[in-house]
>>> print(open('model_39.csv').read())   # CSV, C-alpha atoms and all ligand atoms
chain,number,residue,atom,x,y,z
M,1,MET,CA,4.3,10.6,23.7
M,2,ALA,CA,2.2,9.5,20.7
M,3,ILE,CA,3.0,9.0,17.0
M,4,GLU,CA,0.1,10.7,15.1
M,5,ILE,CA,-0.7,11.1,11.4
M,6,ILE,CA,-1.1,14.8,10.8
M,7,GLY,CA,-1.5,14.8,7.0
M,8,THR,CA,-2.3,12.4,4.2
M,9,GLY,CA,-2.0,12.6,0.4
M,10,ARG,CA,-2.3,10.5,-2.7
M,11,ALA,CA,-1.5,10.6,-6.4
M,12,VAL,CA,-2.6,8.4,-9.3
M,13,PRO,CA,-1.9,8.9,-13.0
M,14,PRO,CA,-4.7,10.7,-14.9
M,15,ARG,CA,-5.1,7.9,-17.4
M,16,ARG,CA,-7.9,5.6,-16.3
M,17,VAL,CA,-8.1,2.2,-18.0
M,18,SER,CA,-11.4,0.3,-17.8
M,19,ASN,CA,-11.8,-3.5,-17.9
M,20,ASP,CA,-13.4,-3.0,-21.3
M,21,GLU,CA,-10.3,-1.3,-22.6
M,22,LEU,CA,-8.3,-4.4,-21.7
M,23,THR,CA,-10.7,-6.7,-23.4
M,24,ALA,CA,-9.7,-5.2,-26.7
M,25,LYS,CA,-6.1,-6.4,-26.2
M,26,ILE,CA,-6.3,-9.7,-24.2
M,27,ASP,CA,-8.7,-12.6,-23.8
M,28,THR,CA,-10.6,-11.4,-20.8
M,29,SER,CA,-13.9,-9.8,-19.9
M,30,ASP,CA,-15.3,-7.1,-17.6
M,31,GLU,CA,-17.6,-9.8,-16.1
M,32,TRP,CA,-14.6,-12.1,-15.3
M,33,ILE,CA,-12.5,-9.4,-13.8
M,34,ARG,CA,-15.3,-7.9,-11.7
M,35,SER,CA,-16.6,-11.2,-10.5
M,36,HIS,CA,-13.2,-12.6,-9.6
M,37,THR,CA,-11.6,-9.5,-8.1
M,38,GLY,CA,-14.0,-6.5,-7.8
M,39,ILE,CA,-11.8,-4.5,-10.1
M,40,GLY,CA,-13.4,-2.1,-12.6
M,41,ASN,CA,-10.6,0.3,-13.5
M,42,ARG,CA,-7.0,1.0,-12.9
M,43,HIS,CA,-4.8,4.2,-13.4
M,44,ILE,CA,-1.8,3.7,-15.6
M,45,ALA,CA,1.2,6.0,-15.8
M,46,ASP,CA,2.6,7.3,-19.1
M,47,GLU,CA,6.1,6.2,-20.4
M,48,GLY,CA,7.9,9.2,-18.9
M,49,THR,CA,6.6,8.7,-15.3
M,50,ALA,CA,8.6,6.9,-12.6
M,51,THR,CA,7.6,5.7,-9.1
M,52,SER,CA,9.3,8.7,-7.5
M,53,ASP,CA,7.1,11.1,-9.5
M,54,LEU,CA,3.9,9.7,-8.0
M,55,ALA,CA,5.6,9.4,-4.6
M,56,LEU,CA,6.6,13.1,-4.7
M,57,GLU,CA,3.1,14.2,-5.7
M,58,ALA,CA,1.5,12.2,-2.9
M,59,ALA,CA,4.1,13.5,-0.4
M,60,LYS,CA,3.5,17.1,-1.4
M,61,ASN,CA,-0.2,16.7,-0.9
M,62,ALA,CA,0.3,15.1,2.6
M,63,LEU,CA,2.8,17.9,3.5
M,64,ALA,CA,0.3,20.6,2.3
M,65,MET,CA,-2.4,19.1,4.6
M,66,ALA,CA,0.0,18.8,7.5
M,67,ALA,CA,1.3,22.3,7.1
M,68,GLY,CA,-2.0,24.1,6.3
M,69,GLY,CA,-1.6,24.7,2.5
M,70,ASP,CA,0.4,24.3,-0.6
M,71,THR,CA,2.5,27.4,0.0
M,72,HIS,CA,4.0,25.8,3.1
M,73,VAL,CA,5.2,22.6,1.5
M,74,SER,CA,8.9,23.4,1.1
M,75,GLU,CA,9.1,24.8,4.6
M,76,ALA,CA,7.3,21.7,6.0
M,77,ALA,CA,9.7,19.5,4.0
M,78,LYS,CA,12.7,21.0,5.8
M,79,ASN,CA,11.1,19.8,9.1
M,80,ILE,CA,11.0,16.2,8.0
M,81,ASP,CA,13.5,14.0,9.8
M,82,LEU,CA,12.9,10.8,8.0
M,83,ILE,CA,11.5,9.6,4.6
M,84,ILE,CA,10.5,6.0,4.1
M,85,VAL,CA,9.1,4.7,0.8
M,86,GLY,CA,7.5,1.3,0.7
M,87,THR,CA,7.9,0.1,-2.9
M,88,SER,CA,8.7,-3.0,-5.0
M,89,THR,CA,9.0,-0.9,-8.1
M,90,ALA,CA,11.8,1.5,-7.3
M,91,ASP,CA,13.0,4.0,-9.9
M,92,PHE,CA,16.3,2.1,-10.0
M,93,VAL,CA,17.4,-1.4,-9.1
M,94,GLY,CA,19.5,-1.0,-6.0
M,95,THR,CA,20.5,2.6,-5.7
M,96,PRO,CA,19.6,5.4,-5.4
M,97,SER,CA,16.5,4.6,-3.3
M,98,THR,CA,13.2,6.1,-4.4
M,99,ALA,CA,13.1,7.8,-0.9
M,100,CYS,CA,16.4,9.6,-1.7
M,101,ILE,CA,15.0,10.9,-5.0
M,102,VAL,CA,11.9,12.2,-3.2
M,103,GLN,CA,14.1,13.7,-0.5
M,104,TYR,CA,16.1,15.7,-3.0
M,105,ALA,CA,13.0,16.8,-5.0
M,106,LEU,CA,11.2,18.0,-1.9
M,107,GLY,CA,14.3,19.8,-0.5
M,108,ALA,CA,13.9,17.8,2.7
M,109,GLU,CA,17.5,18.5,3.5
M,110,ASN,CA,17.3,17.3,7.1
M,111,ALA,CA,15.8,13.9,6.4
M,112,ALA,CA,17.3,10.5,6.3
M,113,ALA,CA,15.8,8.5,3.5
M,114,PHE,CA,15.5,4.8,2.6
M,115,ASP,CA,13.1,2.3,1.0
M,116,VAL,CA,11.4,-0.6,2.6
M,117,THR,CA,10.8,-3.6,0.5
M,118,ALA,CA,7.8,-5.5,1.9
M,119,ALA,CA,5.7,-5.6,-1.3
M,120,CYS,CA,2.1,-4.8,-0.6
M,121,THR,CA,2.8,-4.7,3.2
M,122,GLY,CA,5.3,-1.9,2.6
M,123,PHE,CA,3.2,0.9,4.1
M,124,VAL,CA,2.2,-1.1,7.1
M,125,TYR,CA,5.9,-2.0,7.7
M,126,GLY,CA,7.0,1.6,7.0
M,127,LEU,CA,4.7,3.1,9.6
M,128,GLU,CA,6.1,0.8,12.3
M,129,VAL,CA,9.7,1.5,11.2
M,130,ALA,CA,9.1,5.3,11.3
M,131,ALA,CA,7.2,5.1,14.6
M,132,GLY,CA,10.1,3.1,16.1
M,133,MET,CA,12.7,5.6,14.9
M,134,LEU,CA,10.6,8.6,16.0
M,135,SER,CA,10.2,7.1,19.5
M,136,LEU,CA,14.0,6.9,20.1
M,137,ASP,CA,15.4,9.9,21.9
M,138,ARG,CA,17.4,11.2,18.9
M,139,GLY,CA,15.7,14.5,18.2
M,140,ARG,CA,13.5,13.1,15.3
M,141,LYS,CA,10.0,14.6,15.3
M,142,ARG,CA,8.4,14.1,11.9
M,143,ALA,CA,8.5,11.4,9.3
M,144,LEU,CA,7.0,11.0,5.8
M,145,VAL,CA,5.9,7.4,5.1
M,146,ILE,CA,5.0,6.7,1.5
M,147,GLY,CA,3.7,3.7,-0.4
M,148,ALA,CA,4.3,4.1,-4.1
M,149,GLU,CA,4.2,1.7,-7.1
M,150,LEU,CA,4.4,1.7,-10.8
M,151,LEU,CA,3.3,-1.8,-11.4
M,152,SER,CA,2.3,-1.2,-15.0
M,153,LYS,CA,6.0,-1.2,-15.9
M,154,VAL,CA,6.7,-4.6,-14.4
M,155,THR,CA,3.6,-6.2,-15.8
M,156,ASN,CA,3.5,-8.8,-18.5
M,157,TRP,CA,0.7,-7.4,-20.6
M,158,ASN,CA,0.3,-10.7,-22.4
M,159,ASP,CA,-0.4,-12.6,-19.1
M,160,ARG,CA,-4.1,-12.2,-18.4
M,161,SER,CA,-3.8,-13.8,-15.0
M,162,THR,CA,-1.8,-10.9,-13.7
M,163,CYS,CA,-2.1,-7.9,-16.0
M,164,VAL,CA,-5.7,-7.2,-15.2
M,165,LEU,CA,-5.0,-7.0,-11.5
M,166,PHE,CA,-2.6,-4.1,-11.0
M,167,GLY,CA,-2.6,-0.3,-11.1
M,168,ASP,CA,-0.2,2.6,-10.5
M,169,GLY,CA,-0.4,5.1,-7.6
M,170,ALA,CA,1.1,6.5,-4.4
M,171,GLY,CA,-0.2,7.4,-1.0
M,172,ALA,CA,1.6,9.3,1.8
M,173,ALA,CA,1.3,10.1,5.5
M,174,VAL,CA,3.1,12.7,7.6
M,175,LEU,CA,3.8,11.3,11.1
M,176,GLU,CA,4.5,13.6,14.1
M,177,LYS,CA,5.7,12.8,17.6
M,178,THR,CA,3.3,14.6,19.9
M,179,ASP,CA,2.7,15.0,23.6
M,180,ALA,CA,-0.6,13.1,23.4
M,181,PRO,CA,-0.8,9.8,25.4
M,182,CYS,CA,-0.2,6.6,23.5
M,183,LYS,CA,-1.7,4.5,26.4
M,184,GLY,CA,-4.8,4.8,28.5
M,185,PRO,CA,-7.7,7.2,28.2
M,186,GLY,CA,-7.4,9.8,25.4
M,187,ARG,CA,-4.6,7.8,23.7
M,188,ARG,CA,-3.8,8.8,20.1
M,189,GLY,CA,-1.9,7.7,17.0
M,190,LEU,CA,-0.3,4.5,16.2
M,191,VAL,CA,-1.1,2.3,19.2
M,192,HIS,CA,-0.3,-1.2,18.0
M,193,THR,CA,1.4,-3.0,15.0
M,194,LEU,CA,1.8,-6.6,14.1
M,195,LEU,CA,4.3,-7.6,11.4
M,196,GLY,CA,5.1,-11.0,10.0
M,197,ALA,CA,6.7,-12.9,7.2
M,198,ASP,CA,6.8,-16.3,5.7
M,199,GLY,CA,9.7,-16.5,3.3
M,200,SER,CA,8.9,-20.1,2.3
M,201,GLY,CA,6.2,-18.6,0.0
M,202,GLY,CA,8.6,-16.2,-1.7
M,203,GLU,CA,8.3,-18.0,-5.1
M,204,SER,CA,4.6,-17.5,-5.3
M,205,LEU,CA,5.0,-13.8,-6.0
M,206,LEU,CA,8.2,-12.6,-7.5
M,207,PHE,CA,10.2,-10.7,-10.1
M,208,ARG,CA,12.3,-13.6,-11.3
M,209,ARG,CA,14.8,-11.8,-13.4
M,210,GLY,CA,17.0,-8.7,-13.0
M,211,GLY,CA,18.4,-9.2,-9.5
M,212,THR,CA,21.6,-11.0,-8.5
M,213,ARG,CA,20.0,-14.5,-8.5
M,214,ASN,CA,19.0,-14.3,-12.2
M,215,PRO,CA,20.7,-11.2,-13.7
M,216,PHE,CA,20.2,-10.2,-17.3
M,217,LYS,CA,23.3,-11.0,-19.3
M,218,ALA,CA,25.0,-8.7,-21.8
M,219,GLY,CA,23.5,-9.2,-25.3
M,220,GLU,CA,20.6,-11.3,-24.0
M,221,THR,CA,17.2,-10.8,-25.6
M,222,ILE,CA,15.0,-10.2,-22.5
M,223,GLY,CA,11.6,-10.8,-23.9
M,224,THR,CA,9.0,-9.5,-21.4
M,225,GLY,CA,11.7,-7.7,-19.3
M,226,ILE,CA,11.3,-7.6,-15.5
M,227,CYS,CA,7.8,-8.7,-14.7
M,228,VAL,CA,5.8,-9.9,-11.8
M,229,GLU,CA,4.9,-13.6,-11.7
M,230,MET,CA,2.3,-14.9,-9.3
M,231,ASN,CA,0.7,-18.2,-8.3
M,232,GLY,CA,-2.7,-16.6,-7.8
M,233,GLN,CA,-4.3,-19.4,-5.8
M,234,GLU,CA,-1.4,-19.9,-3.4
M,235,VAL,CA,-1.3,-16.2,-2.7
M,236,TYR,CA,-5.1,-16.1,-2.4
M,237,ASN,CA,-5.1,-18.8,0.3
M,238,PHE,CA,-2.2,-17.1,2.1
M,239,ALA,CA,-4.0,-13.8,1.9
M,240,VAL,CA,-7.3,-14.9,3.4
M,241,ARG,CA,-5.4,-16.5,6.3
M,242,ALA,CA,-3.2,-13.5,6.8
M,243,VAL,CA,-6.0,-11.0,6.8
M,244,THR,CA,-8.1,-13.1,9.2
M,245,ASP,CA,-5.3,-13.9,11.6
M,246,THR,CA,-3.8,-10.4,11.6
M,247,ILE,CA,-7.1,-8.8,12.4
M,248,LYS,CA,-7.9,-11.4,15.1
M,249,ALA,CA,-4.5,-11.1,16.7
M,250,LEU,CA,-4.5,-7.2,16.8
M,251,MET,CA,-8.0,-7.2,18.2
M,252,GLN,CA,-7.1,-9.7,20.8
M,253,ALA,CA,-3.9,-7.9,21.8
M,254,GLU,CA,-5.9,-4.7,22.4
M,255,GLY,CA,-8.9,-6.4,23.9
M,256,LEU,CA,-11.2,-5.1,21.1
M,257,ASN,CA,-14.4,-6.3,19.5
M,258,ALA,CA,-15.5,-5.2,16.0
M,259,ASP,CA,-17.7,-2.5,17.4
M,260,ASP,CA,-14.6,-0.7,18.8
M,261,LEU,CA,-13.3,-0.3,15.2
M,262,ALA,CA,-14.6,2.6,13.0
M,263,TRP,CA,-13.0,1.1,9.9
M,264,ILE,CA,-10.8,-1.7,8.8
M,265,ILE,CA,-8.6,-0.7,5.8
M,266,PRO,CA,-7.4,-3.8,4.0
M,267,HIS,CA,-4.8,-4.0,1.2
M,268,GLN,CA,-6.9,-3.8,-2.0
M,269,ALA,CA,-5.8,-6.9,-3.9
M,270,ASN,CA,-9.1,-8.7,-4.4
M,271,ALA,CA,-12.6,-8.0,-2.9
M,272,ARG,CA,-13.1,-11.7,-2.5
M,273,ILE,CA,-10.2,-12.0,-0.1
M,274,VAL,CA,-11.8,-9.3,2.1
M,275,GLN,CA,-15.2,-10.9,1.8
M,276,ALA,CA,-13.8,-14.3,2.8
M,277,ALA,CA,-12.0,-12.9,5.8
M,278,ALA,CA,-15.0,-10.8,6.9
M,279,LYS,CA,-17.1,-14.0,6.9
M,280,ARG,CA,-14.6,-16.0,8.9
M,281,LEU,CA,-14.3,-13.2,11.4
M,282,LYS,CA,-18.0,-12.5,11.5
M,283,ILE,CA,-17.4,-8.8,11.0
M,284,PRO,CA,-19.9,-6.9,8.8
M,285,ILE,CA,-18.4,-6.3,5.3
M,286,GLY,CA,-19.4,-2.6,5.6
M,287,LYS,CA,-16.7,-2.2,8.2
M,288,PHE,CA,-14.1,-2.8,5.5
M,289,PHE,CA,-13.2,0.2,3.3
M,290,MET,CA,-12.9,-0.8,-0.4
M,291,ASN,CA,-11.9,1.2,-3.4
M,292,ILE,CA,-10.4,-1.6,-5.5
M,293,GLU,CA,-13.1,-0.9,-8.2
M,294,GLU,CA,-11.3,2.4,-9.1
M,295,TYR,CA,-7.6,1.7,-8.5
M,296,ALA,CA,-7.1,-2.1,-8.8
M,297,ASN,CA,-4.2,-3.5,-6.8
M,298,THR,CA,-1.6,-0.7,-6.2
M,299,SER,CA,0.5,-2.9,-3.8
M,300,ALA,CA,2.2,-0.8,-1.2
M,301,ALA,CA,0.2,2.3,-2.3
M,302,SER,CA,-3.2,0.8,-1.7
M,303,ILE,CA,-3.6,1.4,2.1
M,304,PRO,CA,-2.3,5.0,2.1
M,305,ILE,CA,-4.4,5.8,-1.0
M,306,ALA,CA,-7.4,4.5,0.9
M,307,LEU,CA,-6.4,6.3,4.0
M,308,ASP,CA,-6.2,9.6,2.1
M,309,GLU,CA,-9.4,9.1,0.3
M,310,MET,CA,-11.2,8.4,3.5
M,311,ASN,CA,-9.6,11.3,5.3
M,312,ARG,CA,-10.4,13.8,2.5
M,313,SER,CA,-14.0,12.6,2.2
M,314,GLY,CA,-14.6,13.1,5.9
M,315,LYS,CA,-14.9,9.4,6.8
M,316,LEU,CA,-12.4,9.6,9.6
M,317,ASN,CA,-13.3,11.4,12.8
M,318,LYS,CA,-11.0,12.4,15.6
M,319,GLY,CA,-10.8,9.5,18.1
M,320,ASP,CA,-11.9,6.8,15.5
M,321,MET,CA,-10.0,3.6,15.9
M,322,ILE,CA,-9.0,2.2,12.5
M,323,LEU,CA,-7.2,-1.0,11.7
M,324,THR,CA,-5.0,-1.5,8.6
M,325,VAL,CA,-4.2,-4.9,7.3
M,326,GLY,CA,-1.7,-5.7,4.5
M,327,PHE,CA,-0.3,-8.9,2.8
M,328,GLY,CA,1.8,-9.7,-0.2
M,329,GLY,CA,5.1,-10.7,-1.7
M,330,GLY,CA,7.8,-12.0,0.5
M,331,LEU,CA,5.5,-13.3,1.7
M,332,THR,CA,4.7,-10.6,4.2
M,333,TYR,CA,1.8,-9.5,6.3
M,334,GLY,CA,0.9,-7.1,9.0
M,335,GLY,CA,-1.5,-4.5,10.4
M,336,ASN,CA,-1.6,-1.3,12.4
M,337,ILE,CA,-4.1,0.0,14.9
M,338,ILE,CA,-4.3,3.8,14.7
M,339,ILE,CA,-6.5,6.2,16.7
M,340,TRP,CA,-7.2,9.1,14.4
M,401,LIG,O1,-1.2,-7.9,-3.8
M,401,LIG,C1,-0.5,-9.0,-3.8
M,401,LIG,C2,-1.3,-10.2,-3.4
M,401,LIG,N1,-2.0,-10.7,-4.6
M,401,LIG,C3,-3.1,-11.3,-4.4
M,401,LIG,O2,-3.7,-11.2,-3.3
M,401,LIG,C4,-3.8,-12.1,-5.5
M,401,LIG,C5,-4.4,-13.4,-4.9
M,401,LIG,N2,-5.0,-14.2,-5.9
M,401,LIG,C6,-6.2,-13.8,-6.5
M,401,LIG,O3,-6.7,-12.8,-6.2
M,401,LIG,C7,-6.9,-14.8,-7.5
M,401,LIG,O4,-6.2,-16.0,-7.4
M,401,LIG,C8,-6.8,-14.3,-8.9
M,401,LIG,C9,-7.7,-13.1,-9.1
M,401,LIG,C10,-5.4,-13.9,-9.4
M,401,LIG,C11,-7.3,-15.4,-9.9
M,401,LIG,O5,-8.7,-15.8,-9.5
M,401,LIG,P1,-9.0,-17.3,-9.4
M,401,LIG,O6,-10.5,-17.4,-9.1
M,401,LIG,O7,-8.1,-18.0,-8.4
M,401,LIG,O8,-8.8,-17.8,-10.9
M,401,LIG,P2,-7.9,-19.0,-11.4
M,401,LIG,O9,-6.5,-18.6,-11.4
M,401,LIG,O10,-8.3,-20.3,-10.6
M,401,LIG,O11,-8.4,-19.1,-12.9
M,401,LIG,C12,-9.7,-19.6,-13.2
M,401,LIG,C13,-9.9,-19.5,-14.7
M,401,LIG,C14,-8.8,-20.2,-15.4
M,401,LIG,O12,-9.3,-20.8,-16.6
M,401,LIG,P3,-9.6,-22.4,-16.6
M,401,LIG,O13,-8.2,-23.0,-16.4
M,401,LIG,O14,-10.5,-22.7,-15.4
M,401,LIG,O15,-10.2,-22.7,-17.9
M,401,LIG,C15,-7.9,-19.0,-15.9
M,401,LIG,O16,-7.2,-19.3,-17.1
M,401,LIG,O17,-9.9,-18.2,-15.1
M,401,LIG,C16,-9.0,-18.0,-16.2
M,401,LIG,N3,-8.5,-16.6,-16.1
M,401,LIG,C17,-9.1,-15.6,-16.7
M,401,LIG,N4,-10.1,-15.6,-17.5
M,401,LIG,C18,-10.5,-14.3,-18.0
M,401,LIG,C19,-7.4,-16.2,-15.4
M,401,LIG,N5,-7.3,-14.8,-15.6
M,401,LIG,C20,-8.3,-14.5,-16.4
M,401,LIG,C21,-8.7,-13.3,-17.0
M,401,LIG,N6,-9.8,-13.2,-17.8
M,401,LIG,N7,-8.1,-12.1,-16.7
>>> encode(input="model_39.csv", output="structure tokens")
Amino acid sequence: MAIEIIGTGRAVPPRRVSNDELTAKIDTSDEWIRSHTGIGNRHIADEGTATSDLALEAAKNALAMAAGGDTHVSEAAKNIDLIIVGTSTADFVGTPSTACIVQYALGAENAAAFDVTAACTGFVYGLEVAAGMLSLDRGRKRALVIGAELLSKVTNWNDRSTCVLFGDGAGAAVLEKTDAPCKGPGRRGLVHTLLGADGSGGESLLFRRGGTRNPFKAGETIGTGICVEMNGQEVYNFAVRAVTDTIKALMQAEGLNADDLAWIIPHQANARIVQAAAKRLKIPIGKFFMNIEEYANTSAASIPIALDEMNRSGKLNKGDMILTVGFGGGLTYGGNIIIW
């Protein structure tokens, strides 16, 4: 039995905001943003869009690929047993989950649905949770794993140290339990995952207000509203360590060297994090897929957006071994090894 990805999809809002557009509003420059992060643009949703709207579009694209065309999406949705959305920017605080909203909109009437909160590692976590649930002998065969974020709505647009970093988007993958082997020659699908957390670093990346620790009070003037706060340097140091250690541990666990990997797909938070990790690992930087220039940091959506972009542009061949690596709020980290 193997857990294979049989379809991918992505969705980003049409509005593309360049670094230059931001310089008109805040004290920053295209040169600073590019040299410190590798970001050139981001896609920003309009007022009326919520996270589930992007998640739904990405999910439909993934289902269309899995089912062989747009006309089969609603039928394919009925064959989904599980929907997991990795997000930190759910449509609602608490309930309903974004996954339930997607489940209803898709007509996925046979699916269980819930969100995974692991910040930028949400998709990496979601894949493992889905694979675990599909592996149990409970009659589940297909899952939809989505990473979706609308970070522009939780961004303090006056804080130049965070607002230039983030973008909106969603990516999705359809997983299927197949008869292919998951061990030995010819193995396929999700073959290894490493997940970790270091809650001691929770304060370095958080939404301080709006939850039960610091709720908004009746009549309070809330200023910037719910917004992400980050100690950039602390997270940067953690991220370089997390990327390096996760890749090393996964490769060791599978007895791999860099030549065995067709691609490494890192969370797209900062090109410098990836360059630093590549240098430490002595892995050529060309092995790491990067699209941060176009989308900025889309948190849980960044890895599935990259996966879909690679898939649709023919960069992934059957049998390729790819390694994903994520890190972010929590703090959380992790990676998957997938044989395409
Ligand atoms: O996906 C979740 C995980 N998040 C991350 O992985 C983010 C990790 N952190 C980072 O990527 C980097 O720390 C940042 C990109 C956030 C910041 O880069 P940095 O090289 O660590 O910059 P810094 O915070 O040390 O700031 C250097 C200078 C400061 O000015 P002074 O004090 O040296 O005069 C900042 O005020 O850059 C200034 N600065 C800016 N200048 C122009 C900060 N933001 C900006 C900006 N434009 N947008």
>>> atom_distance(input="model_39.csv", atom1="CA of Gly7 in chain M", atom2="CA of Ala67 in chain M")
8.0 Å
>>> residues_around(input="model_39.csv", residues="range 140-145 of chain M", least_positions_apart="6", cutoff="8 Å", atoms="all atoms listed in the file", output="JSON, numbers by chain")
{"M": [59, 79, 80, 81, 82, 83, 84, 85, 86, 123, 126, 127, 130, 133, 134, 172, 173, 174, 175, 176, 177]}
>>> closest_residue(input="model_39.csv", among="M:Gly68, M:Gly38, M:Gly335, M:Gly225", to="ligand LIG 401 (chain M)", atoms="only C-alpha atoms and all ligand atoms")
M:Gly38
>>> closest_residue(input="model_39.csv", among="M:Ala269, M:Cys182, M:Leu194, M:Val274", to="ligand LIG 401 (chain M)", atoms="only C-alpha atoms and all ligand atoms")
M:Ala269
>>> residues_near_ligand(input="model_39.csv", ligand="ligand LIG 401 (chain M)", cutoff="8 Å", atoms="only C-alpha atoms and all ligand atoms", output="MDAnalysis selection string")
chainID M and resid 27:29 32:33 36:37 119:120 160:165 205 230:237 239 267:270 272:273 297:299 327:329
>>> atom_distance(input="model_39.csv", atom1="CA of Ile3 in chain M", atom2="CA of Arg312 in chain M")
20.3 Å
>>> closest_residue(input="model_39.csv", among="M:Ala66, M:Leu106, M:Ala112, M:Ala170", to="Tyr295 in chain M", atoms="only C-alpha atoms")
M:Ala170
>>> closest_residue(input="model_39.csv", among="M:Asn311, M:Thr193, M:Ser74, M:Asn61", to="Ile338 in chain M", atoms="all atoms listed in the file")
M:Thr193
>>> atom_distance(input="model_39.csv", atom1="CA of Thr98 in chain M", atom2="CA of Ala271 in chain M")
29.4 Å
>>> build_atoms(input="model_39.csv", residues="range 224-238 of chain M", atoms="N, CA and C atoms", output="PDB file, keeping the file's coordinate frame")
ATOM      1  N   THR M 224       9.984 -10.351 -22.137  1.00  0.00           N
ATOM      2  CA  THR M 224       9.000  -9.500 -21.400  1.00  0.00           C
ATOM      3  C   THR M 224       9.688  -8.530 -20.449  1.00  0.00           C
ATOM      4  N   GLY M 225      11.010  -8.634 -20.273  1.00  0.00           N
ATOM      5  CA  GLY M 225      11.700  -7.700 -19.300  1.00  0.00           C
ATOM      6  C   GLY M 225      11.353  -8.148 -17.879  1.00  0.00           C
ATOM      7  N   ILE M 226      11.627  -7.253 -16.932  1.00  0.00           N
ATOM      8  CA  ILE M 226      11.300  -7.600 -15.500  1.00  0.00           C
ATOM      9  C   ILE M 226       9.808  -7.592 -15.392  1.00  0.00           C
ATOM     10  N   CYS M 227       9.280  -8.678 -14.872  1.00  0.00           N
ATOM     11  CA  CYS M 227       7.800  -8.700 -14.700  1.00  0.00           C
ATOM     12  C   CYS M 227       7.432  -9.545 -13.483  1.00  0.00           C
ATOM     13  N   VAL M 228       6.278  -9.213 -12.952  1.00  0.00           N
ATOM     14  CA  VAL M 228       5.800  -9.900 -11.800  1.00  0.00           C
ATOM     15  C   VAL M 228       5.162 -11.250 -12.230  1.00  0.00           C
ATOM     16  N   GLU M 229       5.521 -12.307 -11.484  1.00  0.00           N
ATOM     17  CA  GLU M 229       4.900 -13.600 -11.700  1.00  0.00           C
ATOM     18  C   GLU M 229       4.200 -14.009 -10.424  1.00  0.00           C
ATOM     19  N   MET M 230       3.023 -14.579 -10.559  1.00  0.00           N
ATOM     20  CA  MET M 230       2.300 -14.900  -9.300  1.00  0.00           C
ATOM     21  C   MET M 230       1.527 -16.212  -9.476  1.00  0.00           C
ATOM     22  N   ASN M 231       1.595 -17.025  -8.422  1.00  0.00           N
ATOM     23  CA  ASN M 231       0.700 -18.200  -8.300  1.00  0.00           C
ATOM     24  C   ASN M 231      -0.528 -17.679  -7.562  1.00  0.00           C
ATOM     25  N   GLY M 232      -1.539 -17.277  -8.331  1.00  0.00           N
ATOM     26  CA  GLY M 232      -2.700 -16.600  -7.800  1.00  0.00           C
ATOM     27  C   GLY M 232      -3.375 -17.351  -6.644  1.00  0.00           C
ATOM     28  N   GLN M 233      -3.554 -18.662  -6.847  1.00  0.00           N
ATOM     29  CA  GLN M 233      -4.300 -19.400  -5.800  1.00  0.00           C
ATOM     30  C   GLN M 233      -3.532 -19.565  -4.529  1.00  0.00           C
ATOM     31  N   GLU M 234      -2.201 -19.781  -4.659  1.00  0.00           N
ATOM     32  CA  GLU M 234      -1.400 -19.900  -3.400  1.00  0.00           C
ATOM     33  C   GLU M 234      -1.451 -18.560  -2.653  1.00  0.00           C
ATOM     34  N   VAL M 235      -1.300 -17.457  -3.390  1.00  0.00           N
ATOM     35  CA  VAL M 235      -1.300 -16.200  -2.700  1.00  0.00           C
ATOM     36  C   VAL M 235      -2.705 -15.875  -2.133  1.00  0.00           C
ATOM     37  N   TYR M 236      -3.724 -16.286  -2.865  1.00  0.00           N
ATOM     38  CA  TYR M 236      -5.100 -16.100  -2.400  1.00  0.00           C
ATOM     39  C   TYR M 236      -5.312 -16.778  -1.038  1.00  0.00           C
ATOM     40  N   ASN M 237      -4.901 -18.045  -0.972  1.00  0.00           N
ATOM     41  CA  ASN M 237      -5.100 -18.800   0.300  1.00  0.00           C
ATOM     42  C   ASN M 237      -4.309 -18.189   1.428  1.00  0.00           C
ATOM     43  N   PHE M 238      -3.065 -17.810   1.129  1.00  0.00           N
ATOM     44  CA  PHE M 238      -2.200 -17.100   2.100  1.00  0.00           C
ATOM     45  C   PHE M 238      -2.921 -15.851   2.605  1.00  0.00           C
TER      46      PHE M 238
END
